[in-house]
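Report on the structure given below.
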Amino acid sequence: MALGQSLSMVLAPPHPAARPFLIGGGAAALLGLILLGNWLFWLSAIFIAFCLYFFRDPERFPPDRAGLVLAPADGHVVSVAEAVPPVELGMGDAPRWRVAIFLSVLDVHVNRMPADGTVTRVAYHHGKFLSANLDKASEENERNALAIALPDGRDLAVVQIAGLVARRILCDAKAGDSVQAGERFGIIRFGSRTDVYLPLGVLPMAREGQTMIGGETVIAELSA
């Protein structure tokens, strides 16, 4: 990756979810300058710098080709296996291929739609906060699941999963929304996982250990 591209990603504007943290950090820094001393100012400055990095929201450029399923998040693939979609989505009990992506605290945490379609259901499930790289996190952790109807009538699911440190899942999508592949739809704060359940019969192209770029990396072809 060219130096300019690397810098543009690191220095990308923050996601709106960063605002309360940045405002709080700025207030603490000001308080340190006025009353409590330099130690609070520098501690606050470090916190602000971390938030700017963690909440960075770089532009992404989805492939200009229909019929693709894209990675919904940055990170690396920790599992490619057959599994049943979350029961709260009502997508049946037939196993389908699931691609699970683990996001470390250093990855971009903005979630993106994996395919064109219409959101048919959004369901939040309260659960545990196990380490998100564990396979059982898909079933036991706190999660927010979306079912998406594709233009050809098939469906897929994308699931935001909280992790050991992540305790807040934000989702802007609602049932009935028409969405496009690569479109932003939410963010998970401070380490997490995002799973995609492919349509029945569609095989994944992703492999365990592969690095994903949200909104750009192809994980399956709907015609394959």
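Naming scheme: A, B, ... for chains in displayed order of the structure tokens; residues 1 onward per chain; ligands 1 onward as shown.
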
(request) Select from segment 30-141 of chain A everything DSSP, run on the backbone, classes as strand (DSSP E or B), then give the selection as a PyMOL selection string. (result) chain A and resi 56+68-70+75-83+96-103+110-112+117-125+128+141

(message) Let's see if you can do this: from backbone DSSP, list all alpha helix (DSSP H) residues in segment 13-216 of chain A, as an NGL selection string.
(response) :A and (19-31 or 38-54 or 137-140)

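Shell of Asp57 of chain A at 6 Å, with only C-alpha atoms counted and residues fewer than 6 places along the chain excluded, is Ala12, Pro13, Pro14 and His15 of chain A.
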
(request) Compile the contact shell of Val179 of chain A as a list in words: residues with an atom at most 8 Å away, counting only C-alpha atoms, same-chain residues fewer than 6 positions apart removed. (result)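 Residues meeting the cut-off are Met113, Ala115, Asp116, Gly117, Thr118 and Val119 of chain A.
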
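Using only C-alpha atoms, the protein and nucleic acid residues lying no more than 10 Å from segment 87-95 of chain A, apart from those fewer than 3 places from it along its own chain, are Ala81, Glu82, Ala83, Val84, Arg98, Thr120, Arg121, Val122, Ala123, Tyr124, His125, Glu139, Asn144, Ala145, Leu146, Ala147, Ile148, Asp155, Leu156, Ala157, Tyr197, Leu198, Leu200 and Gly201 of chain A.
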
(message) What does the structure give for the distance between atom CA of Phe185 of chain A and atom CA of Leu22 of chain A, in Å to one decimal?
(response)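 Distance reported for this atom pair: 21.3 Å.
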
(request) Would you mind telling me which residue in A:Leu30, A:Val159, A:Leu106, A:Val78 lies nearest to Ser44 of chain A when using only C-alpha atoms? (result) A:Leu30

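The interatomic distance for the pair atom CA of Pro62 of chain A and atom CA of Pro16 of chain A works out to 21.7 Å.
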
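Counting only C-alpha atoms, the residue from A:Arg154, A:His109, A:Arg189, A:Arg168 that sits nearest to Gly215 of chain A is A:His109.
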